[in-house]
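Chemist: Dropping in query_1.txt, which is compact mmCIF, C-alpha atoms:
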```txt
# COMPACT_ATOMS: atom_id res chain seq x y z
CA MET A 1 0.00 0.00 0.00
CA PHE A 2 2.92 2.36 0.73
CA ILE A 3 4.21 1.90 -2.82
CA LYS A 4 0.82 2.80 -4.30
CA LYS A 5 0.55 5.91 -2.10
CA PHE A 6 4.04 7.02 -3.12
CA PHE A 7 3.22 6.60 -6.80
CA VAL A 8 -0.11 8.35 -6.43
CA THR A 9 1.53 11.30 -4.68
CA PHE A 10 4.15 11.60 -7.41
CA ALA A 11 1.49 11.33 -10.10
CA LEU A 12 -0.52 14.10 -8.48
CA ILE A 13 2.54 16.37 -8.34
CA LEU A 14 3.40 15.70 -11.98
CA LEU A 15 -0.16 16.06 -13.16
CA THR A 16 -0.88 19.26 -11.28
CA ALA A 17 2.46 20.81 -12.17
CA SER A 18 1.99 20.20 -15.86
CA THR A 19 -1.73 20.53 -16.53
CA CYS A 20 -3.71 22.19 -13.75
CA ALA A 21 -3.59 23.88 -10.36
CA ALA A 22 -3.39 21.55 -7.36
CA ALA A 23 -6.51 23.04 -5.81
CA GLU A 24 -8.54 22.20 -8.91
CA SER A 25 -7.34 18.60 -9.22
CA LYS A 26 -9.74 15.74 -8.54
CA PHE A 27 -7.03 13.09 -8.87
CA GLU A 28 -8.17 9.56 -8.00
CA PRO A 29 -6.23 6.29 -8.39
CA LEU A 30 -8.52 3.50 -9.56
CA ALA A 31 -6.34 0.44 -10.19
CA ALA A 32 -2.71 -0.61 -10.48
CA GLY A 33 -0.68 -3.21 -12.32
CA TYR A 34 2.64 -4.06 -10.70
CA VAL A 35 4.75 -6.90 -9.38
CA GLU A 36 5.87 -6.68 -5.76
CA GLY A 37 9.58 -5.88 -5.61
CA GLU A 38 9.74 -4.29 -9.07
CA ASN A 39 10.31 -0.57 -9.51
CA GLN A 40 7.72 0.01 -12.23
CA ILE A 41 3.98 0.34 -11.90
CA LEU A 42 1.09 1.10 -14.23
CA MET A 43 -1.84 2.93 -12.73
CA LEU A 44 -5.27 3.81 -14.02
CA ILE A 45 -6.20 7.22 -12.67
CA ARG A 46 -9.07 9.64 -12.98
CA ASN A 47 -8.78 13.40 -12.95
CA ASP A 48 -12.29 14.84 -12.86
CA SER A 49 -14.06 12.80 -15.56
CA GLU A 50 -10.95 11.95 -17.62
CA LEU A 51 -9.16 8.59 -17.36
CA TYR A 52 -5.41 8.20 -17.83
CA PHE A 53 -2.84 5.45 -17.77
CA MET A 54 0.18 6.39 -15.71
CA PRO A 55 3.33 4.31 -16.09
CA PHE A 56 5.87 5.14 -13.40
CA ASP A 57 9.52 4.14 -13.04
CA ALA A 58 10.88 4.52 -9.50
CA ASP A 59 14.48 3.98 -10.66
CA ALA A 60 14.25 7.19 -12.71
CA ASN A 61 11.72 8.79 -10.35
CA THR A 62 9.56 9.75 -13.31
CA GLY A 63 6.22 8.93 -14.81
CA ALA A 64 4.08 9.65 -17.83
CA PHE A 65 0.43 10.08 -18.68
CA VAL A 66 -1.40 8.52 -21.57
CA LYS A 67 -5.06 9.29 -22.14
CA PHE A 68 -7.26 6.22 -21.63
CA ASP A 69 -8.32 4.55 -24.84
CA GLN A 70 -10.15 1.22 -25.00
CA ARG A 71 -8.03 0.20 -28.02
CA LEU A 72 -4.85 0.76 -26.01
CA TYR A 73 -6.32 -0.91 -22.92
CA ASN A 74 -7.03 -4.10 -24.90
CA PHE A 75 -4.07 -3.96 -27.29
CA TYR A 76 -2.62 -7.36 -26.39
CA THR A 77 -5.93 -9.20 -26.79
CA ARG A 78 -6.55 -8.21 -30.42
CA ARG A 79 -4.84 -10.01 -33.26
CA SER A 80 -5.38 -9.34 -36.93
CA LYS A 81 -6.83 -12.04 -39.15
CA ASP A 82 -3.21 -13.00 -39.96
CA GLY A 83 -2.48 -13.50 -36.25
CA ASP A 84 -0.28 -10.42 -35.92
CA PHE A 85 -0.64 -7.50 -33.52
CA ALA A 86 -1.10 -4.03 -34.98
CA PRO A 87 1.38 -1.36 -33.86
CA LEU A 88 0.05 0.99 -31.20
CA MET A 89 -0.11 4.75 -31.62
CA PHE A 90 -0.64 7.06 -28.66
CA VAL A 91 0.65 10.30 -27.14
CA MET A 92 2.70 10.13 -23.96
CA ALA A 93 3.04 13.20 -21.72
CA THR A 94 6.09 13.31 -19.48
CA GLN A 95 8.37 15.77 -17.73
CA ARG A 96 11.68 17.17 -18.96
CA GLN A 97 14.52 14.63 -18.73
CA SER A 98 18.21 15.30 -18.12
CA ASP A 99 19.02 13.21 -21.21
CA THR A 100 17.92 15.50 -24.07
CA VAL A 101 18.25 12.94 -26.88
CA ASP A 102 14.43 12.87 -27.46
CA ASP A 103 13.80 16.61 -27.03
CA LYS A 104 12.98 17.12 -30.74
CA LEU A 105 10.27 14.48 -30.68
CA GLY A 106 6.65 15.61 -30.47
CA ILE A 107 5.99 19.02 -28.97
CA TRP A 108 6.56 20.91 -25.73
CA GLN A 109 3.90 22.65 -23.64
CA GLY A 110 5.95 24.45 -21.01
CA ASP A 111 7.91 21.71 -19.22
CA THR A 112 5.54 18.98 -20.40
CA HIS A 113 6.89 16.88 -23.26
CA LEU A 114 4.16 15.38 -25.46
CA ILE A 115 5.60 12.51 -27.49
CA PRO A 116 3.66 10.65 -30.19
CA VAL A 117 4.56 6.96 -29.89
CA TYR A 118 4.43 4.19 -32.48
CA ALA A 119 5.06 0.94 -30.59
CA ILE A 120 5.79 -2.41 -32.20
CA PHE A 121 5.34 -5.48 -29.98
CA ASP A 122 4.45 -9.14 -30.00
CA VAL A 123 2.96 -11.57 -27.53
CA ARG A 124 4.92 -14.79 -27.06
CA ASP A 125 4.05 -17.45 -24.51
CA GLY A 126 1.65 -14.97 -22.89
CA GLN A 127 4.35 -12.31 -22.46
CA ILE A 128 4.43 -8.93 -24.20
CA VAL A 129 7.83 -8.69 -25.90
CA PHE A 130 9.75 -6.20 -28.01
CA ASP A 131 12.30 -6.63 -30.78
CA ALA A 132 14.62 -3.61 -31.07
CA PRO A 133 14.15 -1.04 -32.38
CA ASN A 134 10.56 -1.00 -31.25
CA PHE A 135 9.43 2.54 -30.43
CA TYR A 136 9.28 5.38 -32.93
CA SER A 137 8.06 8.97 -32.99
CA GLY A 138 7.93 12.10 -35.11
CA GLU A 139 9.56 15.49 -34.70
CA GLY A 140 7.75 18.78 -34.10
CA THR A 141 4.20 17.39 -34.21
CA LEU A 142 1.73 15.20 -32.34
CA THR A 143 0.39 13.74 -35.60
CA PRO A 144 3.37 12.69 -37.71
CA SER A 145 2.68 11.38 -41.19
CA HIS A 146 5.65 9.04 -40.64
CA TYR A 147 7.04 7.84 -37.35
CA HIS A 148 10.63 7.93 -38.58
CA SER A 149 12.61 8.85 -35.44
CA ASN A 150 13.65 6.24 -32.89
CA ILE A 151 12.79 6.95 -29.26
CA LYS A 152 16.28 6.80 -27.74
CA ASN A 153 15.96 8.04 -24.16
CA PRO A 154 16.13 4.94 -21.92
CA ILE A 155 13.65 6.49 -19.48
CA HIS A 156 11.07 7.00 -22.23
CA ASP A 157 11.75 3.44 -23.40
CA ARG A 158 11.12 2.05 -19.89
CA LEU A 159 7.93 4.09 -19.45
CA ILE A 160 6.53 2.74 -22.72
CA LYS A 161 7.54 -0.82 -21.83
CA THR A 162 5.93 -0.40 -18.40
CA LEU A 163 2.70 0.81 -20.00
CA LEU A 164 2.56 -2.22 -22.26
CA THR A 165 3.94 -5.01 -20.08
CA LYS A 166 1.93 -4.10 -16.97
CA MET A 167 -1.39 -3.79 -18.86
CA PRO A 168 -2.46 -7.42 -18.19
CA LEU A 169 -1.86 -6.85 -14.47
CA LEU A 170 -3.89 -3.63 -14.64
CA HIS A 171 -6.69 -5.59 -16.33
CA ALA A 172 -6.67 -8.07 -13.43
CA ASP A 173 -6.93 -5.29 -10.83
CA VAL A 174 -9.70 -3.49 -12.76
CA GLU A 175 -11.64 -6.76 -12.95
CA ALA A 176 -11.02 -7.62 -9.28
CA LYS A 177 -12.33 -4.21 -8.24
CA GLY A 178 -15.33 -4.36 -10.58
CA ILE A 179 -14.45 -1.08 -12.24
CA ALA A 180 -16.65 -0.29 -15.25
CA LEU A 181 -14.70 1.39 -18.04
CA PRO A 182 -16.07 3.34 -20.98
```
Give the structure from this file in structure tokens form.
Modeler:
Amino acid sequence: MFIKKFFVTFALILLTASTCAAAESKFEPLAAGYVEGENQILMLIRNDSELYFMPFDADANTGAFVKFDQRLYNFYTRRSKDGDFAPLMFVMATQRQSDTVDDKLGIWQGDTHLIPVYAIFDVRDGQIVFDAPNFYSGEGTLTPSHYHSNIKNPIHDRLIKTLLTKMPLLHADVEAKGIALP
């Protein structure tokens, strides 16, 4: 429970610092996907009526926000007719990093870095796996016509992997708590 409270507090600080005043925030953690002893967690949070995924990496002491989308929530359960998984596209909001290698990706709103992500993955033996390179983005826009730039910052890479690999655990917690999602 302490770990969840720590992550929730950090998420609230990041969210309020980058998108709204603390007094106006209605931040509420709903569910979490994590493995005891690991330093990454994926949370489902609500701010007012909006739902967000929040991957957090305690090793880097940083997190990100990704707007809830049913397609993203169920990404690993949907195969094409050929048995493949379609790449995922979403926008990840995170804070400024000391490693500036990804600074040209996406756009900046103050100190909030909005990065469009194109993620390639597979599911093998029930595990979500990645073959490098696996995450791409575009420069100077949230809607690139081509995701031609590799996401190179290891923190961004871990946040994306946390979002994807912890999703089945988040599903289990959502189901256990009987949370109805849109």
Chemist: Which one is closest to Ser49 (chain A): A:Ser98, A:Gly126, A:Glu28, A:Val35? Count all atoms listed in the file.
Modeler: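 Result for the nearest residue to Ser49 (chain A): A:Glu28.
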Chemist: Quick check, in Å to one decimal: how far apart do CA of Val91 (chain A) and CA of Thr112 (chain A) lie?
Modeler: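 Answer for the CA of Val91 (chain A) to CA of Thr112 (chain A) separation: 12.0 Å.
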Chemist: With distances taken over all atoms listed in the file, which residue among A:Ile179, A:Ile128, A:Leu142, A:Ala93 lies nearest Ala31 (chain A)?
Modeler: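 Answer, going by the shortest atom-to-atom distance: A:Ile179.
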Chemist: Can you tell me how far CA of Pro116 (chain A) sits from CA of Asp173 (chain A), in Å to one decimal?
Modeler: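 Rounded to one decimal, the two atoms are 27.2 Å apart.
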Chemist: Name the residues in contact with Pro182 (chain A) at a cut-off of 12 Å, using all atoms listed in the file, excluding same-chain residues fewer than 3 positions from it; report them as a PyMOL selection string.
Modeler: chain A and resi 49-51+68-71+73+179
Chemist: Which one of A:Ile151, A:Ile107, A:Ile160, A:Ala119 sits closest to Met54 (chain A) if you count all atoms listed in the file?
Modeler: A:Ile160
Chemist: With only C-alpha atoms as the basis for distance, which of A:Val174, A:Ile115, A:Leu44, A:Val101 is at the shortest distance from Glu139 (chain A)?
Modeler: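 Looking at the shortest contact to Glu139 (chain A), the residue is A:Ile115.
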Chemist: Need to verify the contact set: Arg46 (chain A), 9 Å, all atoms listed in the file, exclusion of same-chain residues closer than 5 positions in sequence. Can you return it as a count of residues only?
Modeler: 8
Chemist: Go ahead and compute the interatomic distance for CA of Gln40 (chain A) and CA of Glu175 (chain A), in Å to one decimal.
Modeler: 20.5 Å
Chemist: Just the residues within 12 Å of Arg124 (chain A), please, counting all atoms listed in the file, with nothing from its chain fewer than 5 positions along; format it as a PyMOL selection string.
Modeler: chain A and resi 76+83-85+129-131
Chemist: Taking 3 positions as the minimum chain separation for residues in the same chain, which residues sit within 9 Å of Ala58 (chain A) when counting all atoms listed in the file? Answer as number ranges by chain.
Modeler: A: 7, 38-41, 61-63
Chemist: So, with all atoms listed in the file as the atoms that count, which of A:Ala64, A:Phe75, A:Gly138, A:Gly37 lies closest to His171 (chain A)?
Modeler: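 Selected residue with least distance to His171 (chain A): A:Phe75.
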Chemist: Which residue, A:Asp57, A:Tyr118, A:Ala176, A:Ser80, has the smallest gap to His146 (chain A) when you use only C-alpha atoms?
Modeler: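 Among the listed residues, the smallest separation from His146 (chain A) belongs to A:Tyr118.
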